[in-house]
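Chemist: data-v1.txt is reproduced below (compact mmCIF, C-alpha atoms and all ligand atoms).
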# COMPACT_ATOMS: atom_id res chain seq x y z
CA MET F 126 83.43 111.86 103.10
CA LYS F 127 81.92 109.86 100.21
CA ILE F 128 83.90 108.32 97.35
CA LYS F 129 82.98 109.86 94.00
CA SER F 130 84.89 107.81 91.41
CA VAL F 131 87.22 104.84 90.79
CA THR F 132 89.41 104.96 87.67
CA PRO F 133 91.86 102.31 86.40
CA PHE F 134 94.99 103.17 84.37
CA THR F 135 97.06 100.62 82.44
CA VAL F 136 100.73 101.15 81.58
CA THR F 137 103.52 99.42 79.68
CA TYR F 138 107.15 100.42 80.16
CA PRO F 139 110.74 99.22 79.68
CA GLU F 140 112.45 98.16 82.94
CA PRO F 141 116.17 99.02 82.81
CA ASN F 142 116.84 96.81 85.85
CA ASP F 143 115.63 93.88 83.72
CA ASN F 144 117.60 94.61 80.52
CA ASP F 145 114.75 96.87 79.29
CA ASN F 146 112.27 94.01 79.29
CA ILE F 147 108.72 95.36 78.73
CA ARG F 148 106.53 95.23 81.83
CA TYR F 149 102.90 96.10 82.59
CA LEU F 150 101.08 97.54 85.61
CA THR F 151 97.51 98.53 86.51
CA PHE F 152 96.95 101.66 88.60
CA CYS F 153 93.77 102.76 90.35
CA LYS F 154 92.73 106.30 91.29
CA VAL F 155 89.94 106.81 93.82
CA GLU F 156 88.55 110.29 94.29
CA ALA F 157 86.48 111.62 97.16
CA GLU F 158 83.69 114.18 96.77
CA ASP F 159 86.01 116.99 97.91
CA GLY F 160 88.54 116.15 95.14
CA THR F 161 91.07 114.37 97.37
CA VAL F 162 92.69 111.50 95.47
CA GLY F 163 94.23 108.15 96.49
CA TRP F 164 96.43 105.90 94.32
CA GLY F 165 96.93 102.14 94.19
CA GLU F 166 98.79 99.67 91.97
CA ALA F 167 98.62 96.03 90.92
CA ILE F 168 101.70 94.22 89.60
CA SER F 169 99.63 92.67 86.80
CA GLN F 170 102.81 92.01 84.74
CA PHE F 171 101.43 90.96 81.32
CA ALA F 172 99.35 92.90 78.76
CA GLU F 173 96.33 90.59 78.96
CA SER F 174 96.22 90.43 82.79
CA THR F 175 96.70 94.21 82.97
CA LYS F 176 93.73 94.86 80.68
CA ALA F 177 91.66 92.29 82.59
CA THR F 178 92.58 93.89 85.94
CA ALA F 179 91.40 97.30 84.68
CA THR F 180 88.08 95.77 83.59
CA VAL F 181 87.65 94.06 86.98
CA ILE F 182 88.43 97.34 88.81
CA GLU F 183 85.67 99.04 86.80
CA GLY F 184 83.27 96.28 87.85
CA MET F 185 84.36 96.31 91.49
CA SER F 186 83.82 100.09 91.64
CA ARG F 187 80.12 99.47 92.38
CA HIS F 188 81.22 98.33 95.86
CA VAL F 189 83.27 101.52 96.34
CA ILE F 190 81.47 104.53 94.82
CA GLY F 191 79.14 106.22 97.30
CA ARG F 192 80.77 104.53 100.33
CA ASP F 193 82.43 106.50 103.11
CA ALA F 194 86.17 106.81 102.47
CA PHE F 195 86.95 105.78 106.08
CA GLU F 196 85.27 102.38 105.60
CA ASN F 197 88.21 100.99 103.63
CA VAL F 198 88.43 97.61 105.37
CA ALA F 199 84.63 97.17 105.17
CA ILE F 200 84.88 97.89 101.43
CA TRP F 201 87.71 95.31 101.15
CA ARG F 202 85.47 92.72 102.84
CA ALA F 203 82.53 93.58 100.55
CA ILE F 204 84.67 93.13 97.41
CA LYS F 205 86.28 89.94 98.72
CA GLY F 206 82.84 88.52 99.50
CA ALA F 207 81.38 89.47 96.14
CA THR F 208 84.17 88.03 93.94
CA TRP F 209 84.27 84.45 95.26
CA TRP F 210 82.88 83.22 91.92
CA TYR F 211 86.03 84.17 89.99
CA GLY F 212 88.53 85.25 92.64
CA TRP F 213 88.69 82.41 95.17
CA HIS F 214 92.38 81.63 95.90
CA GLY F 215 93.66 84.55 93.86
CA GLY F 216 94.07 85.66 90.25
CA VAL F 217 93.00 88.86 88.51
CA ALA F 218 90.43 89.62 91.26
CA SER F 219 93.34 89.81 93.76
CA PHE F 220 95.23 92.21 91.48
CA ALA F 221 92.17 94.47 91.20
CA LEU F 222 91.42 94.34 94.92
CA SER F 223 95.10 95.16 95.63
CA ALA F 224 94.99 98.32 93.51
CA ILE F 225 91.67 99.49 95.01
CA ASP F 226 92.71 98.71 98.60
CA ILE F 227 96.04 100.56 98.35
CA ALA F 228 94.24 103.57 96.84
CA LEU F 229 91.68 103.55 99.68
CA TRP F 230 94.40 103.52 102.37
CA ASP F 231 96.14 106.39 100.52
CA LEU F 232 92.88 108.35 100.32
CA LYS F 233 92.08 107.78 104.00
CA GLY F 234 95.55 108.98 105.03
CA LYS F 235 95.27 112.07 102.84
CA LEU F 236 91.82 112.95 104.17
CA LEU F 237 93.04 112.59 107.76
CA GLY F 238 96.43 114.21 107.08
CA VAL F 239 98.16 111.09 108.49
CA PRO F 240 100.96 108.99 106.89
CA LEU F 241 100.23 105.31 106.23
CA ILE F 242 102.68 104.11 108.87
CA ASP F 243 100.66 105.94 111.55
CA LEU F 244 97.34 104.65 110.15
CA LEU F 245 98.76 101.13 110.54
CA GLY F 246 99.63 101.79 114.18
CA GLY F 247 103.16 103.15 114.10
CA ALA F 248 106.67 102.16 113.06
CA TYR F 249 108.61 99.35 114.72
CA ALA F 250 111.60 100.56 112.67
CA LYS F 251 111.81 104.27 111.76
CA ARG F 252 114.23 103.40 108.96
CA LEU F 253 115.14 100.27 107.01
CA PRO F 254 118.46 98.97 105.63
CA VAL F 255 118.38 99.11 101.82
CA ILE F 256 119.84 96.71 99.27
CA ALA F 257 120.11 97.07 95.49
CA SER F 258 117.82 94.50 93.88
CA THR F 259 118.46 93.92 90.21
CA HIS F 260 119.12 91.40 87.47
CA VAL F 261 122.38 90.70 85.65
CA TRP F 262 122.42 90.80 81.85
CA ARG F 263 126.00 91.27 80.58
CA SER F 264 127.97 88.23 79.38
CA SER F 265 131.02 89.37 81.38
CA LEU F 266 130.48 88.24 84.96
CA GLU F 267 133.50 90.35 86.01
CA GLU F 268 131.73 93.49 84.74
CA GLU F 269 128.51 92.51 86.49
CA ALA F 270 130.35 91.91 89.78
CA GLU F 271 132.06 95.30 89.44
CA ARG F 272 128.72 97.04 88.73
CA HIS F 273 127.27 95.64 91.95
CA GLY F 274 130.41 96.57 93.83
CA ARG F 275 129.79 100.18 92.79
CA TYR F 276 126.25 100.08 94.20
CA VAL F 277 127.74 99.23 97.59
CA HIS F 278 130.96 101.25 97.63
CA GLU F 279 129.94 104.34 95.61
CA GLU F 280 126.16 104.59 96.13
CA GLY F 281 125.95 103.29 99.70
CA TYR F 282 123.61 100.29 99.38
CA LEU F 283 124.09 97.81 102.24
CA GLY F 284 123.89 94.78 99.98
CA VAL F 285 122.73 93.32 96.69
CA LYS F 286 120.18 90.80 95.48
CA ILE F 287 120.74 89.22 92.10
CA GLY F 288 118.08 87.66 89.89
CA MET F 289 119.34 84.71 87.83
CA GLY F 290 117.98 83.24 84.58
CA LYS F 291 116.80 86.64 83.33
CA PHE F 292 116.83 88.51 80.01
CA GLY F 293 120.18 89.31 78.41
CA ASP F 294 123.51 87.51 78.00
CA ALA F 295 124.57 86.77 81.60
CA ARG F 296 123.10 83.22 81.56
CA LEU F 297 123.33 82.77 85.32
CA GLY F 298 121.63 79.74 86.84
CA TYR F 299 122.52 77.26 84.08
CA GLU F 300 126.08 76.13 84.85
CA ILE F 301 126.73 75.46 88.48
CA GLU F 302 130.51 76.09 88.54
CA ARG F 303 130.05 79.36 86.61
CA ASP F 304 127.37 80.47 89.08
CA ILE F 305 129.67 79.74 92.02
CA HIS F 306 132.48 81.65 90.29
CA PHE F 307 130.13 84.66 89.92
CA VAL F 308 129.20 84.64 93.62
CA LYS F 309 132.92 84.55 94.49
CA LEU F 310 133.55 87.57 92.21
CA LEU F 311 130.51 89.32 93.66
CA ARG F 312 131.63 88.84 97.27
CA GLU F 313 135.08 90.21 96.37
CA ALA F 314 133.45 93.21 94.66
CA ILE F 315 130.94 94.14 97.39
CA GLY F 316 133.29 93.49 100.33
CA PRO F 317 133.03 91.19 103.34
CA THR F 318 130.12 92.77 105.22
CA ALA F 319 127.56 93.68 102.53
CA MET F 320 124.39 91.56 102.43
CA LEU F 321 124.22 89.15 99.50
CA MET F 322 121.15 87.35 98.22
CA MET F 323 120.70 85.15 95.15
CA ASP F 324 117.29 84.63 93.52
CA ARG F 325 116.58 81.83 91.04
CA GLY F 326 114.42 83.13 88.21
CA GLN F 327 111.30 81.13 87.48
CA SER F 328 112.48 80.38 83.94
CA LEU F 329 115.09 78.06 85.54
CA ARG F 330 114.33 74.60 86.91
CA TRP F 331 116.76 73.07 89.43
CA THR F 332 116.56 69.64 91.01
CA VAL F 333 116.60 69.62 94.78
CA ALA F 334 120.19 68.30 94.57
CA ASP F 335 121.17 71.28 92.37
CA ALA F 336 119.42 73.67 94.76
CA ILE F 337 121.25 72.23 97.79
CA ARG F 338 124.60 72.25 95.99
CA ARG F 339 124.24 75.87 94.84
CA THR F 340 122.88 77.11 98.16
CA ASN F 341 125.74 75.56 100.14
CA ALA F 342 128.39 76.66 97.63
CA PHE F 343 127.05 80.25 97.61
CA GLU F 344 126.85 80.13 101.41
CA GLU F 345 130.66 79.73 101.50
CA TYR F 346 130.72 83.39 100.38
CA GLY F 347 128.21 84.55 102.99
CA LEU F 348 124.61 84.39 101.83
CA THR F 349 121.94 86.35 103.72
CA TRP F 350 119.30 84.23 102.02
CA MET F 351 118.67 82.02 99.02
CA GLU F 352 115.46 82.99 97.23
CA GLU F 353 113.07 80.58 95.47
CA PRO F 354 115.69 77.94 94.61
CA LEU F 355 112.69 75.68 93.94
CA GLU F 356 109.14 76.27 92.74
CA PRO F 357 106.83 77.40 95.59
CA THR F 358 104.70 74.28 95.18
CA GLU F 359 107.67 71.88 95.69
CA THR F 360 107.04 71.60 99.41
CA GLU F 361 108.86 68.31 100.04
CA SER F 362 111.93 69.50 98.11
CA PHE F 363 111.98 72.75 100.12
CA LYS F 364 111.93 70.72 103.35
CA ARG F 365 114.87 68.62 102.11
CA LEU F 366 116.76 71.77 101.14
CA ARG F 367 116.21 73.34 104.55
CA GLN F 368 117.55 70.22 106.27
CA HIS F 369 120.78 70.56 104.31
CA SER F 370 121.43 74.32 104.30
CA LYS F 371 122.59 76.87 106.86
CA CYS F 372 121.36 80.12 105.35
CA LEU F 373 117.82 81.51 105.35
CA ILE F 374 115.51 80.27 102.58
CA ALA F 375 113.04 82.71 100.99
CA THR F 376 109.88 82.26 98.96
CA GLY F 377 106.31 83.56 98.77
CA GLU F 378 106.14 86.46 96.32
CA ARG F 379 103.80 84.53 93.99
CA GLU F 380 101.16 83.82 96.66
CA TRP F 381 97.80 85.62 96.48
CA ASP F 382 96.07 85.79 99.83
CA ALA F 383 96.26 85.02 103.54
CA ARG F 384 94.68 81.60 103.05
CA GLY F 385 97.41 80.58 100.62
CA TYR F 386 100.15 82.00 102.87
CA ARG F 387 98.81 80.12 105.88
CA GLU F 388 99.06 76.84 103.96
CA PHE F 389 102.64 77.22 102.88
CA ILE F 390 103.84 78.86 106.10
CA ASP F 391 102.35 75.86 107.96
CA SER F 392 104.25 73.54 105.64
CA GLY F 393 107.51 75.02 106.97
CA VAL F 394 109.20 75.63 103.63
CA ALA F 395 110.78 79.03 104.22
CA ASP F 396 112.28 81.49 106.72
CA VAL F 397 111.76 84.67 104.68
CA ILE F 398 108.25 85.21 103.37
CA GLY F 399 108.07 87.29 100.19
CA CYS F 400 104.89 89.34 99.79
CA ASP F 401 103.81 91.76 97.04
CA VAL F 402 101.28 94.34 98.22
CA GLY F 403 100.20 94.80 94.59
CA ARG F 404 99.14 91.14 94.42
CA VAL F 405 98.22 90.04 97.93
CA GLU F 406 94.95 92.01 98.06
CA GLY F 407 96.58 95.25 99.06
CA ILE F 408 97.65 96.64 102.40
CA THR F 409 94.71 94.96 104.14
CA GLY F 410 95.81 91.60 102.69
CA ALA F 411 99.49 92.17 103.52
CA LEU F 412 98.64 92.94 107.17
CA LYS F 413 97.09 89.46 107.44
CA VAL F 414 100.32 87.94 106.07
CA ILE F 415 102.40 89.97 108.54
CA GLU F 416 100.35 88.52 111.39
CA LEU F 417 101.10 84.98 110.21
CA VAL F 418 104.80 85.80 109.79
CA GLU F 419 105.07 87.34 113.27
CA ASP F 420 103.22 84.41 114.87
CA ARG F 421 105.80 81.95 113.50
CA ASP F 422 108.95 84.07 114.10
CA LEU F 423 109.60 84.23 110.36
CA TRP F 424 110.74 87.25 108.31
CA PHE F 425 108.63 89.49 106.07
CA ASN F 426 110.13 90.71 102.80
CA SER F 427 108.19 93.03 100.54
CA HIS F 428 108.51 92.22 96.84
CA ALA F 429 108.55 95.86 95.73
CA TRP F 430 109.77 95.62 92.17
CA SER F 431 107.18 97.70 90.32
CA SER F 432 106.16 101.36 90.85
CA ALA F 433 106.76 103.97 93.54
CA VAL F 434 103.14 103.46 94.66
CA ASN F 435 103.95 99.84 95.53
CA THR F 436 107.27 100.90 97.11
CA ALA F 437 105.54 103.50 99.32
CA ALA F 438 103.10 100.92 100.68
CA SER F 439 105.88 98.32 101.02
CA ILE F 440 108.16 100.60 103.05
CA ALA F 441 105.35 101.36 105.51
CA LEU F 442 104.44 97.66 105.88
CA SER F 443 108.12 96.70 106.33
CA GLY F 444 108.62 99.41 108.95
CA PHE F 445 105.42 98.41 110.73
CA THR F 446 106.31 94.75 111.28
CA SER F 447 108.89 93.69 113.86
CA ARG F 448 110.04 90.95 111.45
CA CYS F 449 111.71 92.71 108.51
CA LEU F 450 115.41 92.53 107.60
CA LEU F 451 115.65 95.03 104.75
CA GLN F 452 114.01 97.00 101.96
CA GLU F 453 114.80 96.39 98.29
CA LEU F 454 115.18 99.25 95.79
CA LYS F 455 115.93 99.00 92.08
CA PRO F 456 119.31 100.75 91.62
CA VAL F 457 119.01 101.78 87.95
CA ARG F 458 116.83 104.84 87.23
CA ASN F 459 113.51 103.65 85.76
CA PRO F 460 110.16 105.10 84.56
CA MET F 461 107.79 103.79 87.24
CA GLN F 462 109.99 104.85 90.16
CA HIS F 463 111.79 107.96 88.97
CA GLU F 464 109.39 109.56 86.47
CA LEU F 465 106.07 108.62 88.05
CA VAL F 466 106.36 110.57 91.29
CA GLU F 467 107.61 114.03 92.22
CA GLU F 468 110.14 112.72 94.77
CA PRO F 469 111.42 109.21 93.98
CA PHE F 470 112.47 106.89 96.80
CA THR F 471 116.17 106.78 97.48
CA GLN F 472 118.44 105.52 100.23
CA THR F 473 120.77 107.75 102.20
CA GLY F 474 123.79 106.11 103.76
CA GLY F 475 122.21 102.72 103.14
CA TYR F 476 118.88 103.46 104.87
CA ILE F 477 115.41 104.69 103.93
CA GLU F 478 113.09 106.55 106.32
CA MET F 479 109.35 105.93 106.65
CA PRO F 480 107.40 108.22 104.25
CA SER F 481 106.10 111.04 106.45
CA ARG F 482 103.58 112.80 104.25
CA PRO F 483 99.86 111.89 104.39
CA GLY F 484 98.72 108.57 102.92
CA LEU F 485 101.37 106.82 100.83
CA GLY F 486 103.37 110.04 100.80
CA VAL F 487 103.80 110.18 97.01
CA GLU F 488 102.32 112.46 94.36
CA VAL F 489 101.56 110.52 91.16
CA ARG F 490 101.99 112.36 87.85
CA GLU F 491 99.04 111.41 85.64
CA SER F 492 100.95 112.72 82.63
CA VAL F 493 103.45 109.85 83.13
CA LEU F 494 100.61 107.30 83.21
CA GLU F 495 99.39 108.80 79.92
CA LYS F 496 102.90 108.71 78.43
CA TYR F 497 103.21 104.96 79.13
CA ALA F 498 99.51 104.12 78.60
CA LEU F 499 98.82 100.58 77.37
MG MG F 501 112.23 87.03 93.89
Could you show the structure in this file as structure tokens?
Ligand SMILES: [Mg+2]

Modeler:
Amino acid sequence: MKIKSVTPFTVTYPEPNDNDNIRYLTFCKVEAEDGTVGWGEAISQFAESTKATATVIEGMSRHVIGRDAFENVAIWRAIKGATWWYGWHGGVASFALSAIDIALWDLKGKLLGVPLIDLLGGAYAKRLPVIASTHVWRSSLEEEAERHGRYVHEEGYLGVKIGMGKFGDARLGYEIERDIHFVKLLREAIGPTAMLMMDRGQSLRWTVADAIRRTNAFEEYGLTWMEEPLEPTETESFKRLRQHSKCLIATGEREWDARGYREFIDSGVADVIGCDVGRVEGITGALKVIELVEDRDLWFNSHAWSSAVNTAASIALSGFTSRCLLQELKPVRNPMQHELVEEPFTQTGGYIEMPSRPGLGVEVRESVLEKYAL
């Protein structure tokens, strides 16, 4: 079955889980000659990189149109080989390749009538524990702790992950004693067994001493992992942190390709390897990362904080690997998860099942892409 067309879509939308901060994504639709359609997404994040990603997708389409839809990995290799001039070690080319690759896997699954998890080779875990992954924005830390307590006790999430240094009035990540006080309130609110993760936002800069102090103080309240307490490039500081901390250390979501992951995994900076399928050159790229993670007995964590297209691919990848602890979902209803697809992803009793319909298992509403068009 030949591929007939490749079409990019750019969107801009408010993200309620980030205090309605405006975000941007690039989608890609590939269509086969029989009219079957596959969807992909790149977490291109800013207006300029989103527009650039759409332009690059249009250019890359010459490697896709007219090819057999079952040759998706061969197409990935052709694009990767052709974009070395501007895409070596990542950047907009990796965003564009991510969106095309995800769409090609979706199309292949739909043409074969097979869900992505079976195309990959089957589920290690048929269902994944789910945590609520969100940012805090209110100035009252008591209210924020209570809100997260409700996600666990009323909605059934098995834990929470909190982004610090984000938009709004919460101002977490700036005053160490206040941060520790918040984690104490949070542990009281979510109860003794819920998973708890803290994630330094990249707008914050901590010294390695600050990172060690916070990590160990938070750990007193039971930390599943500490995420990006330092910049990903601060390899020596990460090593020092790991020597002085007991909990798992996470980083990786800003890396672009398997080559980059190999370098920092080899440097031994982290236990939990973050990976965004909408950035890491798609499902084909993420599978290479999973191989590295499994080889080193590390943990894979999908950074699925954009659309339901990304979440669908992320759930399948997380269920496929033997080295995944949990799946993150955004707890507050939002346009790119709850409006974009017919049946939004949700947890039941703290777990989410592998999508079972062909391809990614989601039906994208083009009218929603038009509503939020950039
Ligand atoms: Mg993060």

Chemist: For F:Ala167, please output as JSON, numbers by chain all residues within 6 Å (counting all atoms listed in the file; exclusion window: fewer than 4 positions along the same chain).

Modeler: {"F": [151, 220, 223, 224, 403]}

Chemist: Grab me every residue within 9 Å of ligand MG 501 (chain F), counting all atoms listed in the file, and send it over as a ChimeraX atom specification.

Modeler: /F:286-288,323-327,352-353,375-379,399,428

Chemist: Neighbours of F:Tyr249 within 8 Å (all atoms listed in the file; same-chain residues fewer than 4 positions away dropped), as a list in words?

Modeler: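 Here the qualifying residues turn out to be Gly444, Phe445, Thr446 and Ser447 of chain F.
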
Chemist: Could you tell me how far atom CA of F:Gly486 sits from atom CA of F:Ala438, in Å to one decimal place?

Modeler: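 Atom-to-atom, atom CA of F:Ala438 to atom CA of F:Gly486, that is 9.1 Å.
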
Chemist: Please provide as a ChimeraX atom specification all residues within 9 Å of F:Leu442, with the sequence filter that same-chain residues fewer than 2 positions apart are discarded (counting all atoms listed in the file).

Modeler: /F:241-242,245,248,402,408,411-412,415,427,437-440,444-446

Chemist: Pick out the closest residue to F:Cys400 from this set: F:Val285, F:Met351, F:Ile315, F:Ala383. Count all atoms listed in the file.

Modeler: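 Distance minimum relative to F:Cys400 lands on F:Ala383.
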
Chemist: At a cut-off of 12 Å, using all atoms listed in the file, what residues contact F:Val136? Leave out same-chain residues fewer than 6 positions from it and give the result as an NGL selection string.

Modeler: :F and (147-153 or 166-176 or 178-179 or 431-432 or 460-461 or 465 or 491-499)

Chemist: Write out as a VMD selection string each polymer residue whose atoms come within 12 Å of F:Leu485, counting only C-alpha atoms; drop sequence neighbours fewer than 2 positions from it.

Modeler: chain F and resid 162 to 166 227 to 236 238 to 245 408 433 to 442 466 470 479 to 483 487 to 489

Chemist: How far is it from atom CA of F:Val131 to atom CA of F:Asp159, in Å with one decimal?

Modeler: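 Here the two named atoms are 14.1 Å from each other.
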
Chemist: Which residue is closest to F:Ile305? Choose from F:Trp201, F:Trp331, F:Phe292, F:Phe343 and count only C-alpha atoms.

Modeler: F:Phe343

Chemist: Just to confirm, what's the straight-line distance from atom CA of F:Thr473 to atom CA of F:Arg275 in Å (one decimal)?

Modeler: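 Taking atom CA of F:Thr473 and atom CA of F:Arg275, their separation equals 15.1 Å.
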
Chemist: Show me as a ChimeraX atom specification the residues that reach within 12 Å of (113.1, 73.8, 103.2), counting all atoms listed in the file and using the file's own coordinates.

Modeler: /F:333,336-337,340,351-376,389-397

Chemist: Rank F:Val277, F:Ile225, F:Ala295, F:Ala314 by their smallest atom-to-atom distance to F:Glu156, using only C-alpha atoms, and report the top residue only.

Modeler: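 Of F:Val277, F:Ile225, F:Ala295, F:Ala314, the one nearest F:Glu156 is F:Ile225, counting only C-alpha atoms.
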
Chemist: Measuring between only C-alpha atoms, which one of F:Val189, F:Val217, F:Ala199, F:Leu283 shows the shortest distance to F:Ala177?

Modeler: F:Val217
